[in-house]
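J.: Supplied structure: upload00.pdb, PDB, C-alpha atoms (C1' of nucleotides).
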ATOM      1  CA  MET W   1    -190.449 121.840-229.430
ATOM      2  CA  THR W   2    -189.434 118.659-231.075
ATOM      3  CA  THR W   3    -189.939 119.592-234.690
ATOM      4  CA  THR W   4    -187.522 116.791-235.388
ATOM      5  CA  SER W   5    -186.363 117.562-238.869
ATOM      6  CA  SER W   6    -186.771 121.273-238.941
ATOM      7  CA  PRO W   7    -185.451 123.028-242.010
ATOM      8  CA  ARG W   8    -183.740 125.348-239.632
ATOM      9  CA  VAL W   9    -180.354 123.990-240.531
ATOM     10  CA  LEU W  10    -178.391 125.847-243.165
ATOM     11  CA  GLU W  11    -175.950 124.240-245.551
ATOM     12  CA  HIS W  12    -172.439 125.640-245.580
ATOM     13  CA  PRO W  13    -169.429 124.536-247.589
ATOM     14  CA  GLU W  14    -166.562 123.163-245.530
ATOM     15  CA  ARG W  15    -163.408 125.187-245.514
ATOM     16  CA  ASP W  16    -161.696 123.032-248.110
ATOM     17  CA  GLU W  17    -164.808 123.089-250.263
ATOM     18  CA  ILE W  18    -164.602 126.826-250.774
ATOM     19  CA  ARG W  19    -163.632 127.780-254.324
ATOM     20  CA  LEU W  20    -161.849 130.990-255.206
ATOM     21  CA  GLU W  21    -163.981 131.501-258.298
ATOM     22  CA  ASP W  22    -167.147 131.279-256.218
ATOM     23  CA  VAL W  23    -165.842 133.711-253.639
ATOM     24  CA  LEU W  24    -164.839 136.203-256.315
ATOM     25  CA  HIS W  25    -168.179 135.779-258.018
ATOM     26  CA  ALA W  26    -169.967 136.370-254.728
ATOM     27  CA  LEU W  27    -167.994 139.554-254.197
ATOM     28  CA  ALA W  28    -168.447 140.736-257.781
ATOM     29  CA  ASP W  29    -171.845 142.236-257.062
ATOM     30  CA  ALA W  30    -172.504 145.697-255.727
ATOM     31  CA  VAL W  31    -175.222 144.628-253.292
ATOM     32  CA  ARG W  32    -173.246 141.719-251.873
ATOM     33  CA  LEU W  33    -170.057 143.712-251.685
ATOM     34  CA  ARG W  34    -171.910 146.258-249.638
ATOM     35  CA  ILE W  35    -173.231 143.579-247.316
ATOM     36  CA  VAL W  36    -169.738 142.238-246.812
ATOM     37  CA  ARG W  37    -168.359 145.720-246.176
ATOM     38  CA  ASP W  38    -170.994 146.383-243.539
ATOM     39  CA  MET W  39    -170.321 143.058-241.877
ATOM     40  CA  ALA W  40    -166.602 143.672-241.804
ATOM     41  CA  ARG W  41    -167.162 147.065-240.236
ATOM     42  CA  GLU W  42    -169.428 145.835-237.471
ATOM     43  CA  ASP W  43    -167.534 142.660-236.738
ATOM     44  CA  THR W  44    -170.499 141.060-234.955
ATOM     45  CA  GLU W  45    -173.271 138.791-236.052
ATOM     46  CA  LEU W  46    -175.886 140.810-237.830
ATOM     47  CA  SER W  47    -179.399 139.939-238.841
ATOM     48  CA  CYS W  48    -180.403 140.189-242.474
ATOM     49  CA  SER W  49    -182.783 143.001-241.643
ATOM     50  CA  TYR W  50    -179.950 145.054-240.242
ATOM     51  CA  PHE W  51    -178.883 145.932-243.742
ATOM     52  CA  ASP W  52    -180.749 148.628-245.567
ATOM     53  CA  LEU W  53    -180.555 147.343-249.106
ATOM     54  CA  PRO W  54    -182.145 148.770-252.238
ATOM     55  CA  VAL W  55    -183.839 145.459-253.061
ATOM     56  CA  THR W  56    -186.807 143.509-251.777
ATOM     57  CA  LYS W  57    -186.762 140.844-249.074
ATOM     58  CA  SER W  58    -186.784 138.016-251.603
ATOM     59  CA  THR W  59    -183.766 139.396-253.377
ATOM     60  CA  THR W  60    -182.012 139.929-250.074
ATOM     61  CA  THR W  61    -182.546 136.283-249.210
ATOM     62  CA  HIS W  62    -181.078 135.364-252.572
ATOM     63  CA  HIS W  63    -177.939 137.455-252.040
ATOM     64  CA  PHE W  64    -177.345 136.048-248.578
ATOM     65  CA  ARG W  65    -177.665 132.562-249.953
ATOM     66  CA  VAL W  66    -175.049 133.274-252.606
ATOM     67  CA  LEU W  67    -172.736 134.565-249.900
ATOM     68  CA  ARG W  68    -173.363 131.531-247.721
ATOM     69  CA  GLU W  69    -173.048 128.934-250.461
ATOM     70  CA  SER W  70    -169.809 130.455-251.685
ATOM     71  CA  GLY W  71    -168.399 130.275-248.162
ATOM     72  CA  VAL W  72    -168.117 133.992-247.525
ATOM     73  CA  VAL W  73    -170.555 134.146-244.625
ATOM     74  CA  ARG W  74    -171.872 131.804-241.981
ATOM     75  CA  GLN W  75    -175.535 131.971-241.040
ATOM     76  CA  VAL W  76    -177.316 130.683-237.973
ATOM     77  CA  TYR W  77    -180.883 130.971-236.852
ATOM     78  CA  ARG W  78    -181.583 132.665-233.603
ATOM     79  CA  GLY W  79    -185.261 132.885-232.978
ATOM     80  CA  THR W  80    -186.918 134.614-235.884
ATOM     81  CA  ALA W  81    -183.733 136.292-236.909
ATOM     82  CA  LYS W  82    -180.925 134.828-238.959
ATOM     83  CA  LEU W  83    -177.536 136.021-237.892
ATOM     84  CA  ASN W  84    -174.756 136.515-240.376
ATOM     85  CA  ALA W  85    -171.038 136.504-239.774
ATOM     86  CA  LEU W  86    -168.090 136.754-242.100
ATOM     87  CA  ARG W  87    -166.014 133.568-242.296
ATOM     88  CA  ARG W  88    -162.814 135.501-241.772
ATOM     89  CA  ASP W  89    -160.838 132.621-240.314
ATOM     90  CA  ASP W  90    -161.651 130.247-243.136
ATOM     91  CA  LEU W  91    -161.076 132.810-245.845
ATOM     92  CA  ASP W  92    -157.828 134.019-244.327
ATOM     93  CA  ALA W  93    -156.590 130.458-244.019
ATOM     94  CA  LEU W  94    -157.425 129.617-247.606
ATOM     95  CA  PHE W  95    -156.678 132.903-249.313
ATOM     96  CA  PRO W  96    -154.446 134.970-247.050
ATOM     97  CA  GLY W  97    -155.102 138.664-247.326
ATOM     98  CA  LEU W  98    -157.795 138.325-249.960
ATOM     99  CA  LEU W  99    -160.690 139.539-247.874
ATOM    100  CA  ASP W 100    -158.821 142.507-246.459
ATOM    101  CA  THR W 101    -157.501 143.518-249.840
ATOM    102  CA  VAL W 102    -160.912 143.365-251.458
ATOM    103  CA  LEU W 103    -162.422 145.230-248.537
ATOM    104  CA  ALA W 104    -159.770 147.926-248.762
ATOM    105  CA  ALA W 105    -160.329 148.157-252.511
ATOM    106  CA  ALA W 106    -164.058 148.506-251.965
ATOM    107  CA  GLU W 107    -163.571 151.264-249.404
ATOM    108  CA  SER W 108    -161.171 153.039-251.681
ATOM    109  CA  GLN W 109    -163.561 152.868-254.598
ATOM    110  CA  ALA W 110    -166.478 153.976-252.448
ATOM    111  CA  GLY W 111    -164.391 156.941-251.415
ATOM    112  CA  ARG W 112    -163.676 157.805-255.026
ATOM    113  CA  ASP W 113    -167.322 157.415-255.960
ATOM    114  CA  GLY W 114    -168.474 159.515-253.050
ATOM    115  CA  ALA W 115    -165.962 162.242-253.766
ATOM    116  CA  ALA W 116    -167.013 162.416-257.394
ATOM    117  CA  GLY W 117    -169.459 165.052-258.500
ATOM    118  CA  GLY W 118    -167.893 167.778-256.411
ATOM    119  CA  ALA W 119    -169.565 167.268-253.037
ATOM    120  CA  THR W 120    -166.353 166.252-251.377
ATOM    121  CA  ALA W 121    -167.260 167.530-247.947
TER
ATOM    122  CA  MET T   1    -158.414 152.743-299.297
ATOM    123  CA  THR T   2    -161.790 152.897-297.844
ATOM    124  CA  THR T   3    -160.561 151.447-294.580
ATOM    125  CA  THR T   4    -160.115 154.930-293.246
ATOM    126  CA  SER T   5    -160.982 154.229-289.648
ATOM    127  CA  SER T   6    -159.754 150.714-289.229
ATOM    128  CA  PRO T   7    -161.197 148.782-286.296
ATOM    129  CA  ARG T   8    -157.642 148.028-285.271
ATOM    130  CA  VAL T   9    -158.012 150.245-282.259
ATOM    131  CA  LEU T  10    -159.123 148.564-279.075
ATOM    132  CA  GLU T  11    -161.207 150.253-276.421
ATOM    133  CA  HIS T  12    -159.798 150.242-272.926
ATOM    134  CA  PRO T  13    -161.237 151.781-269.792
ATOM    135  CA  GLU T  14    -159.145 154.564-268.304
ATOM    136  CA  ARG T  15    -157.601 153.872-264.941
ATOM    137  CA  ASP T  16    -160.290 155.734-263.037
ATOM    138  CA  GLU T  17    -162.981 154.030-265.057
ATOM    139  CA  ILE T  18    -162.032 150.606-263.759
ATOM    140  CA  ARG T  19    -164.651 149.176-261.392
ATOM    141  CA  LEU T  20    -163.849 146.707-258.668
ATOM    142  CA  GLU T  21    -166.972 144.665-259.365
ATOM    143  CA  ASP T  22    -165.964 144.275-262.990
ATOM    144  CA  VAL T  23    -162.447 143.234-262.100
ATOM    145  CA  LEU T  24    -163.713 140.659-259.626
ATOM    146  CA  HIS T  25    -166.225 139.413-262.147
ATOM    147  CA  ALA T  26    -163.482 139.092-264.758
ATOM    148  CA  LEU T  27    -161.375 137.080-262.346
ATOM    149  CA  ALA T  28    -164.281 134.923-261.182
ATOM    150  CA  ASP T  29    -163.945 132.523-264.091
ATOM    151  CA  ALA T  30    -161.631 129.551-264.292
ATOM    152  CA  VAL T  31    -160.514 130.183-267.863
ATOM    153  CA  ARG T  32    -159.827 133.863-267.337
ATOM    154  CA  LEU T  33    -158.117 133.264-264.023
ATOM    155  CA  ARG T  34    -155.821 130.860-265.788
ATOM    156  CA  ILE T  35    -155.043 133.409-268.475
ATOM    157  CA  VAL T  36    -154.190 135.978-265.850
ATOM    158  CA  ARG T  37    -152.029 133.509-263.961
ATOM    159  CA  ASP T  38    -150.083 132.675-267.084
ATOM    160  CA  MET T  39    -149.634 136.331-267.912
ATOM    161  CA  ALA T  40    -148.398 137.121-264.456
ATOM    162  CA  ARG T  41    -145.899 134.308-264.663
ATOM    163  CA  GLU T  42    -144.458 135.332-268.024
ATOM    164  CA  ASP T  43    -144.477 139.055-267.391
ATOM    165  CA  THR T  44    -144.198 139.899-271.094
ATOM    166  CA  GLU T  45    -146.705 140.671-273.783
ATOM    167  CA  LEU T  46    -148.234 137.461-274.988
ATOM    168  CA  SER T  47    -150.360 136.743-278.010
ATOM    169  CA  CYS T  48    -153.764 135.206-277.551
ATOM    170  CA  SER T  49    -152.605 132.075-279.300
ATOM    171  CA  TYR T  50    -149.860 131.600-276.722
ATOM    172  CA  PHE T  51    -152.406 130.272-274.281
ATOM    173  CA  ASP T  52    -153.525 126.701-274.629
ATOM    174  CA  LEU T  53    -157.097 126.993-273.498
ATOM    175  CA  PRO T  54    -159.789 124.325-273.435
ATOM    176  CA  VAL T  55    -162.150 126.473-275.486
ATOM    177  CA  THR T  56    -162.477 127.510-279.110
ATOM    178  CA  LYS T  57    -161.063 130.641-280.711
ATOM    179  CA  SER T  58    -164.386 132.458-280.497
ATOM    180  CA  THR T  59    -164.663 131.827-276.807
ATOM    181  CA  THR T  60    -161.058 132.851-276.317
ATOM    182  CA  THR T  61    -161.783 136.154-278.012
ATOM    183  CA  HIS T  62    -164.745 136.583-275.697
ATOM    184  CA  HIS T  63    -162.683 135.992-272.559
ATOM    185  CA  PHE T  64    -159.958 138.381-273.634
ATOM    186  CA  ARG T  65    -162.543 141.012-274.308
ATOM    187  CA  VAL T  66    -163.994 140.613-270.827
ATOM    188  CA  LEU T  67    -160.517 140.991-269.393
ATOM    189  CA  ARG T  68    -159.808 144.055-271.504
ATOM    190  CA  GLU T  69    -163.132 145.793-270.901
ATOM    191  CA  SER T  70    -162.860 145.254-267.171
ATOM    192  CA  GLY T  71    -159.408 146.834-267.206
ATOM    193  CA  VAL T  72    -157.429 143.764-266.251
ATOM    194  CA  VAL T  73    -155.371 143.518-269.430
ATOM    195  CA  ARG T  74    -154.200 145.847-272.145
ATOM    196  CA  GLN T  75    -154.235 144.656-275.727
ATOM    197  CA  VAL T  76    -152.423 145.983-278.753
ATOM    198  CA  TYR T  77    -152.252 144.751-282.299
ATOM    199  CA  ARG T  78    -148.896 143.852-283.698
ATOM    200  CA  GLY T  79    -149.219 142.544-287.184
ATOM    201  CA  THR T  80    -151.608 139.641-287.184
ATOM    202  CA  ALA T  81    -151.100 138.989-283.526
ATOM    203  CA  LYS T  82    -152.741 140.746-280.611
ATOM    204  CA  LEU T  83    -150.468 141.148-277.655
ATOM    205  CA  ASN T  84    -151.784 141.026-274.116
ATOM    206  CA  ALA T  85    -150.307 142.510-271.000
ATOM    207  CA  LEU T  86    -151.556 142.722-267.454
ATOM    208  CA  ARG T  87    -152.355 146.256-266.306
ATOM    209  CA  ARG T  88    -150.376 145.791-263.153
ATOM    210  CA  ASP T  89    -149.598 149.448-262.601
ATOM    211  CA  ASP T  90    -153.203 150.554-262.922
ATOM    212  CA  LEU T  91    -154.583 147.744-260.804
ATOM    213  CA  ASP T  92    -151.953 148.209-258.110
ATOM    214  CA  ALA T  93    -152.634 151.927-258.012
ATOM    215  CA  LEU T  94    -156.370 151.461-257.704
ATOM    216  CA  PHE T  95    -156.545 148.332-255.591
ATOM    217  CA  PRO T  96    -153.198 147.837-253.858
ATOM    218  CA  GLY T  97    -152.303 144.226-253.417
ATOM    219  CA  LEU T  98    -155.465 142.888-254.970
ATOM    220  CA  LEU T  99    -153.884 141.306-258.015
ATOM    221  CA  ASP T 100    -151.065 139.678-256.086
ATOM    222  CA  THR T 101    -153.423 138.361-253.449
ATOM    223  CA  VAL T 102    -155.790 136.868-255.972
ATOM    224  CA  LEU T 103    -152.873 135.407-257.879
ATOM    225  CA  ALA T 104    -151.455 133.867-254.731
ATOM    226  CA  ALA T 105    -154.877 132.491-253.835
ATOM    227  CA  ALA T 106    -155.211 130.984-257.295
ATOM    228  CA  GLU T 107    -151.802 129.354-257.053
ATOM    229  CA  SER T 108    -152.611 128.022-253.633
ATOM    230  CA  GLN T 109    -155.908 126.583-254.788
ATOM    231  CA  ALA T 110    -154.294 125.082-257.882
ATOM    232  CA  GLY T 111    -151.801 123.389-255.608
ATOM    233  CA  ARG T 112    -154.598 121.983-253.467
ATOM    234  CA  ASP T 113    -156.492 120.776-256.504
ATOM    235  CA  GLY T 114    -153.429 119.158-257.989
ATOM    236  CA  ALA T 115    -152.536 117.417-254.761
ATOM    237  CA  ALA T 116    -156.076 116.155-254.277
ATOM    238  CA  GLY T 117    -157.099 112.642-255.159
ATOM    239  CA  GLY T 118    -154.531 110.899-253.027
ATOM    240  CA  ALA T 119    -151.638 110.854-255.463
ATOM    241  CA  THR T 120    -149.793 113.401-253.432
ATOM    242  CA  ALA T 121    -146.342 112.157-254.445
TER
ATOM    243  C1'  DG O   1    -152.067 137.748-306.726
ATOM    244  C1'  DC O   2    -152.752 133.923-303.574
ATOM    245  C1'  DC O   3    -152.790 131.494-299.475
ATOM    246  C1'  DG O   4    -152.172 130.740-294.627
ATOM    247  C1'  DT O   5    -152.521 132.347-289.941
ATOM    248  C1'  DA O   6    -154.463 135.371-286.093
ATOM    249  C1'  DG O   7    -158.252 137.023-284.513
ATOM    250  C1'  DT O   8    -163.314 139.185-285.054
ATOM    251  C1'  DA O   9    -168.230 139.356-285.845
ATOM    252  C1'  DC O  10    -172.478 137.392-285.888
ATOM    253  C1'  DG O  11    -175.995 134.359-284.644
ATOM    254  C1'  DG O  12    -177.656 130.887-281.687
ATOM    255  C1'  DT O  13    -178.203 127.883-277.479
ATOM    256  C1'  DG O  14    -178.461 126.469-272.814
ATOM    257  C1'  DA O  15    -177.500 127.745-268.235
ATOM    258  C1'  DG O  16    -177.327 130.921-264.653
ATOM    259  C1'  DT O  17    -178.861 135.142-262.175
ATOM    260  C1'  DA O  18    -180.917 139.446-260.336
ATOM    261  C1'  DT O  19    -185.132 140.966-259.780
ATOM    262  C1'  DC O  20    -189.890 140.981-258.349
ATOM    263  C1'  DG O  21    -194.574 139.590-256.114
ATOM    264  C1'  DT O  22    -197.223 136.639-253.473
ATOM    265  C1'  DA O  23    -197.991 132.959-250.456
ATOM    266  C1'  DC O  24    -196.193 130.529-246.636
ATOM    267  C1'  DG O  25    -193.546 128.838-242.139
ATOM    268  C1'  DA O  26    -191.213 129.649-237.768
ATOM    269  C1'  DG O  27    -190.720 132.137-233.621
ATOM    270  C1'  DT O  28    -192.157 135.834-230.129
ATOM    271  C1'  DG O  29    -195.255 138.535-227.502
ATOM    272  C1'  DT O  30    -200.035 139.608-225.881
TER
ATOM    273  C1'  DA Z   1    -205.517 131.800-229.862
ATOM    274  C1'  DC Z   2    -203.981 135.673-232.433
ATOM    275  C1'  DA Z   3    -201.283 138.779-234.606
ATOM    276  C1'  DC Z   4    -196.903 140.460-235.819
ATOM    277  C1'  DT Z   5    -192.183 140.139-237.603
ATOM    278  C1'  DC Z   6    -188.374 137.779-239.922
ATOM    279  C1'  DG Z   7    -187.218 135.252-243.344
ATOM    280  C1'  DT Z   8    -188.246 131.257-247.071
ATOM    281  C1'  DA Z   9    -190.234 129.126-251.152
ATOM    282  C1'  DC Z  10    -192.055 129.272-255.476
ATOM    283  C1'  DG Z  11    -193.021 131.041-259.855
ATOM    284  C1'  DA Z  12    -192.172 134.405-263.399
ATOM    285  C1'  DT Z  13    -189.395 137.562-266.148
ATOM    286  C1'  DA Z  14    -185.694 139.710-268.342
ATOM    287  C1'  DC Z  15    -180.992 139.806-268.687
ATOM    288  C1'  DT Z  16    -176.328 138.143-268.898
ATOM    289  C1'  DC Z  17    -172.990 134.804-269.908
ATOM    290  C1'  DA Z  18    -170.050 130.864-271.575
ATOM    291  C1'  DC Z  19    -169.908 128.314-275.258
ATOM    292  C1'  DC Z  20    -170.079 126.903-280.048
ATOM    293  C1'  DG Z  21    -169.790 127.108-285.399
ATOM    294  C1'  DT Z  22    -169.326 129.568-289.498
ATOM    295  C1'  DA Z  23    -168.231 133.376-292.225
ATOM    296  C1'  DC Z  24    -165.343 137.141-292.405
ATOM    297  C1'  DT Z  25    -161.276 140.703-292.124
ATOM    298  C1'  DA Z  26    -156.351 141.989-291.390
ATOM    299  C1'  DC Z  27    -151.691 141.073-291.930
ATOM    300  C1'  DG Z  28    -147.603 138.764-293.701
ATOM    301  C1'  DG Z  29    -145.055 135.630-296.772
ATOM    302  C1'  DC Z  30    -144.535 133.144-301.261
TER
END
Have the structure of the file written as structure tokens, please.
T.:
Amino acid sequence: MTTTSSPRVLEHPERDEIRLEDVLHALADAVRLRIVRDMAREDTELSCSYFDLPVTKSTTTHHFRVLRESGVVRQVYRGTAKLNALRRDDLDALFPGLLDTVLAAAESQAGRDGAAGGATA
Amino acid sequence: MTTTSSPRVLEHPERDEIRLEDVLHALADAVRLRIVRDMAREDTELSCSYFDLPVTKSTTTHHFRVLRESGVVRQVYRGTAKLNALRRDDLDALFPGLLDTVLAAAESQAGRDGAAGGATA
DNA sequence: GCCGTAGTACGGTGAGTATCGTACGAGTGT
DNA sequence: ACACTCGTACGATACTCACCGTACTACGGC
């Protein structure tokens, strides 16, 4: 259909509009860090509903917007779903190694957290 | 001599108490990022007053506390001054490469910002 | 003892944010 | 047309944060 000016277009910062402080702030949240970890692991475009997050739908929308507006993820509509992809190329070009280092740090910490309490197996 | 337990002892998180989210949050601020950049460049213990920050003393105290409580810096009193040092060893052990990558990203972005505006020369 | 300097503590303000619930819009299938 | 699913928008709330000013403490020198 011709819904001329559909709100189905999402605003993204250009590569050179991405700010390090915003990226770090976006990653400095447990829920968002988890989203980013999952996306990095799958390496394909994932819908928002793919993630099983401990928050409501509204809050999920909010977190994805923070990630998008900070330049960490790119979102596109595809039917009723909204697909999310990490902006690896842009981030790597701007801040070489940052994403991988943070991801590795997150994995490492998750490992420590999981191993805590005694149930290592 | 009622000052038995002087408040001259500063609380620091142990190495394994440092959380990635807190570190990222501490670094996700322009003023604090600048402090950390300066500290990394000097590589010695620096007093709070060494830094020429665009905020008041109270706010400076606040930022240093955030950095200390997140585990990014270690602070010790020495006379009237409070000396600050990056916790490089702890951060590198926990999150290998993270500090250097963020620092490099900050330098890179600072270069872009400085060169912006057209007056490249 | 007195004063200056370094930094803290406290109280307040305005802005941002993480969270929710409910109501709605856009697309797909029957 | 209808219903269903995915996600948005809006409003509300409670919390955090960056910032300030002022009053204060701790240390060192005169």
J.: Can you work out the spacing between atom C1' of DG27 of chain O and atom C1' of DT5 of chain Z in Å, to one decimal?
T.: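 So the two atoms, atom C1' of DG27 of chain O and atom C1' of DT5 of chain Z, lie 9.1 Å apart.
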J.: Suppose a student applies the PyMOL selection byres ((chain W) within 12 of (chain Z)) to this structure; what residues should they get, written as JSON, numbers by chain?
T.: {"W": [7, 8, 10, 47, 48, 49, 50, 56, 57, 58, 59, 60, 61, 62, 64, 65, 77, 78, 79, 80, 81, 82, 83]}
J.: Step by step, work through what the PyMOL selection byres ((chain W) within 6 of (chain T)) selects in the shown file, and finish by giving those residues as a PyMOL selection string.
T.: chain W and resi 21+24-25+28-29+95+98+101+105
J.: Give the superposed chain T as a CSV table (one decimal) with C-alpha atoms, in the coordinates of the input, the fit being least squares on chain W over all ordered C-alpha pairs.
T.:
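And here is the file that came out, result_30.csv:
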chain,number,residue,atom,x,y,z
T,1,MET,CA,-194.4,117.3,-233.2
T,2,THR,CA,-194.0,116.3,-236.7
T,3,THR,CA,-191.3,118.9,-237.2
T,4,THR,CA,-188.7,116.2,-236.4
T,5,SER,CA,-186.0,117.5,-238.8
T,6,SER,CA,-186.5,121.2,-238.8
T,7,PRO,CA,-185.1,123.1,-241.7
T,8,ARG,CA,-183.4,125.3,-239.1
T,9,VAL,CA,-180.0,124.0,-240.0
T,10,LEU,CA,-178.2,125.9,-242.7
T,11,GLU,CA,-175.8,124.3,-245.1
T,12,HIS,CA,-172.3,125.7,-245.2
T,13,PRO,CA,-169.3,124.6,-247.3
T,14,GLU,CA,-166.4,123.2,-245.3
T,15,ARG,CA,-163.2,125.3,-245.4
T,16,ASP,CA,-161.6,123.1,-248.0
T,17,GLU,CA,-164.8,123.1,-250.1
T,18,ILE,CA,-164.6,126.9,-250.6
T,19,ARG,CA,-163.8,127.8,-254.2
T,20,LEU,CA,-162.1,131.0,-255.2
T,21,GLU,CA,-164.3,131.5,-258.2
T,22,ASP,CA,-167.4,131.3,-256.0
T,23,VAL,CA,-166.0,133.7,-253.5
T,24,LEU,CA,-165.1,136.2,-256.3
T,25,HIS,CA,-168.5,135.7,-257.8
T,26,ALA,CA,-170.1,136.4,-254.5
T,27,LEU,CA,-168.2,139.6,-254.1
T,28,ALA,CA,-168.7,140.7,-257.6
T,29,ASP,CA,-172.1,142.2,-256.8
T,30,ALA,CA,-172.7,145.7,-255.5
T,31,VAL,CA,-175.3,144.6,-253.0
T,32,ARG,CA,-173.3,141.7,-251.6
T,33,LEU,CA,-170.1,143.7,-251.5
T,34,ARG,CA,-171.9,146.3,-249.4
T,35,ILE,CA,-173.2,143.6,-247.0
T,36,VAL,CA,-169.7,142.3,-246.6
T,37,ARG,CA,-168.3,145.8,-246.1
T,38,ASP,CA,-170.8,146.5,-243.4
T,39,MET,CA,-170.1,143.2,-241.7
T,40,ALA,CA,-166.4,143.8,-241.7
T,41,ARG,CA,-166.9,147.2,-240.2
T,42,GLU,CA,-169.1,145.9,-237.3
T,43,ASP,CA,-167.2,142.8,-236.6
T,44,THR,CA,-170.1,141.2,-234.8
T,45,GLU,CA,-172.9,138.9,-235.7
T,46,LEU,CA,-175.5,140.9,-237.5
T,47,SER,CA,-179.1,140.0,-238.4
T,48,CYS,CA,-180.2,140.2,-241.9
T,49,SER,CA,-182.6,143.0,-241.0
T,50,TYR,CA,-179.7,145.1,-239.7
T,51,PHE,CA,-178.7,145.9,-243.3
T,52,ASP,CA,-180.7,148.6,-245.0
T,53,LEU,CA,-180.5,147.3,-248.6
T,54,PRO,CA,-182.2,148.7,-251.7
T,55,VAL,CA,-183.9,145.4,-252.4
T,56,THR,CA,-186.8,143.5,-251.0
T,57,LYS,CA,-186.7,140.8,-248.4
T,58,SER,CA,-186.8,138.0,-250.9
T,59,THR,CA,-183.8,139.4,-252.8
T,60,THR,CA,-182.0,139.9,-249.5
T,61,THR,CA,-182.5,136.3,-248.6
T,62,HIS,CA,-181.1,135.4,-252.0
T,63,HIS,CA,-178.0,137.5,-251.6
T,64,PHE,CA,-177.3,136.1,-248.1
T,65,ARG,CA,-177.7,132.6,-249.5
T,66,VAL,CA,-175.1,133.3,-252.2
T,67,LEU,CA,-172.7,134.6,-249.6
T,68,ARG,CA,-173.3,131.6,-247.4
T,69,GLU,CA,-173.0,129.0,-250.1
T,70,SER,CA,-169.9,130.5,-251.4
T,71,GLY,CA,-168.3,130.3,-247.9
T,72,VAL,CA,-168.1,134.0,-247.3
T,73,VAL,CA,-170.4,134.2,-244.4
T,74,ARG,CA,-171.6,131.9,-241.7
T,75,GLN,CA,-175.2,132.0,-240.6
T,76,VAL,CA,-176.9,130.8,-237.5
T,77,TYR,CA,-180.5,131.0,-236.3
T,78,ARG,CA,-181.1,132.7,-233.0
T,79,GLY,CA,-184.8,132.9,-232.3
T,80,THR,CA,-186.5,134.6,-235.2
T,81,ALA,CA,-183.4,136.3,-236.3
T,82,LYS,CA,-180.6,134.8,-238.4
T,83,LEU,CA,-177.2,136.1,-237.5
T,84,ASN,CA,-174.5,136.6,-240.0
T,85,ALA,CA,-170.7,136.6,-239.5
T,86,LEU,CA,-167.9,136.8,-241.9
T,87,ARG,CA,-165.8,133.7,-242.2
T,88,ARG,CA,-162.6,135.6,-241.8
T,89,ASP,CA,-160.5,132.8,-240.4
T,90,ASP,CA,-161.4,130.4,-243.1
T,91,LEU,CA,-161.0,132.9,-245.9
T,92,ASP,CA,-157.7,134.2,-244.5
T,93,ALA,CA,-156.4,130.6,-244.2
T,94,LEU,CA,-157.4,129.7,-247.7
T,95,PHE,CA,-156.7,133.0,-249.5
T,96,PRO,CA,-154.4,135.1,-247.3
T,97,GLY,CA,-155.1,138.8,-247.6
T,98,LEU,CA,-157.8,138.4,-250.2
T,99,LEU,CA,-160.7,139.6,-248.0
T,100,ASP,CA,-158.8,142.6,-246.7
T,101,THR,CA,-157.6,143.6,-250.1
T,102,VAL,CA,-161.0,143.4,-251.6
T,103,LEU,CA,-162.4,145.3,-248.7
T,104,ALA,CA,-159.8,148.0,-249.0
T,105,ALA,CA,-160.5,148.2,-252.8
T,106,ALA,CA,-164.2,148.6,-252.1
T,107,GLU,CA,-163.6,151.3,-249.6
T,108,SER,CA,-161.3,153.1,-252.0
T,109,GLN,CA,-163.8,152.9,-254.8
T,110,ALA,CA,-166.6,154.0,-252.6
T,111,GLY,CA,-164.5,157.0,-251.7
T,112,ARG,CA,-163.9,157.8,-255.4
T,113,ASP,CA,-167.6,157.4,-256.2
T,114,GLY,CA,-168.6,159.6,-253.3
T,115,ALA,CA,-166.2,162.3,-254.2
T,116,ALA,CA,-167.2,162.3,-257.9
T,117,GLY,CA,-169.5,164.8,-259.3
T,118,GLY,CA,-167.6,167.8,-258.3
T,119,ALA,CA,-168.9,168.3,-254.8
T,120,THR,CA,-165.7,167.3,-253.3
T,121,ALA,CA,-166.1,169.4,-250.2
J.: Selection in question (the file shown): the PyMOL selection byres ((chain O) within 9 of (chain W)). Which residues does it include, as a PyMOL selection string?
T.: chain O and resi 18-20+26-28
J.: Record the distance separating atom CA of Arg68 of chain T and atom CA of Asn84 of chain T, expressed in Å with one decimal.
T.: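 Distance reported for this atom pair: 9.0 Å.
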J.: One number please: atom C1' of DG11 of chain O to atom CA of Pro54 of chain T, in Å, one decimal.
T.: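 Interatomic distance, atom C1' of DG11 of chain O to atom CA of Pro54 of chain T: 22.1 Å.
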J.: Could you put an axis-aligned box around every listed atom of segment 3-17 of chain O, padded by 3 Å on each side, and send me its centre and edge lengths in Å to one decimal, as JSON?
T.:
{"center_x": -165.5, "center_y": 132.9, "center_z": -280.8, "size_x": 32.7, "size_y": 18.9, "size_z": 43.3}
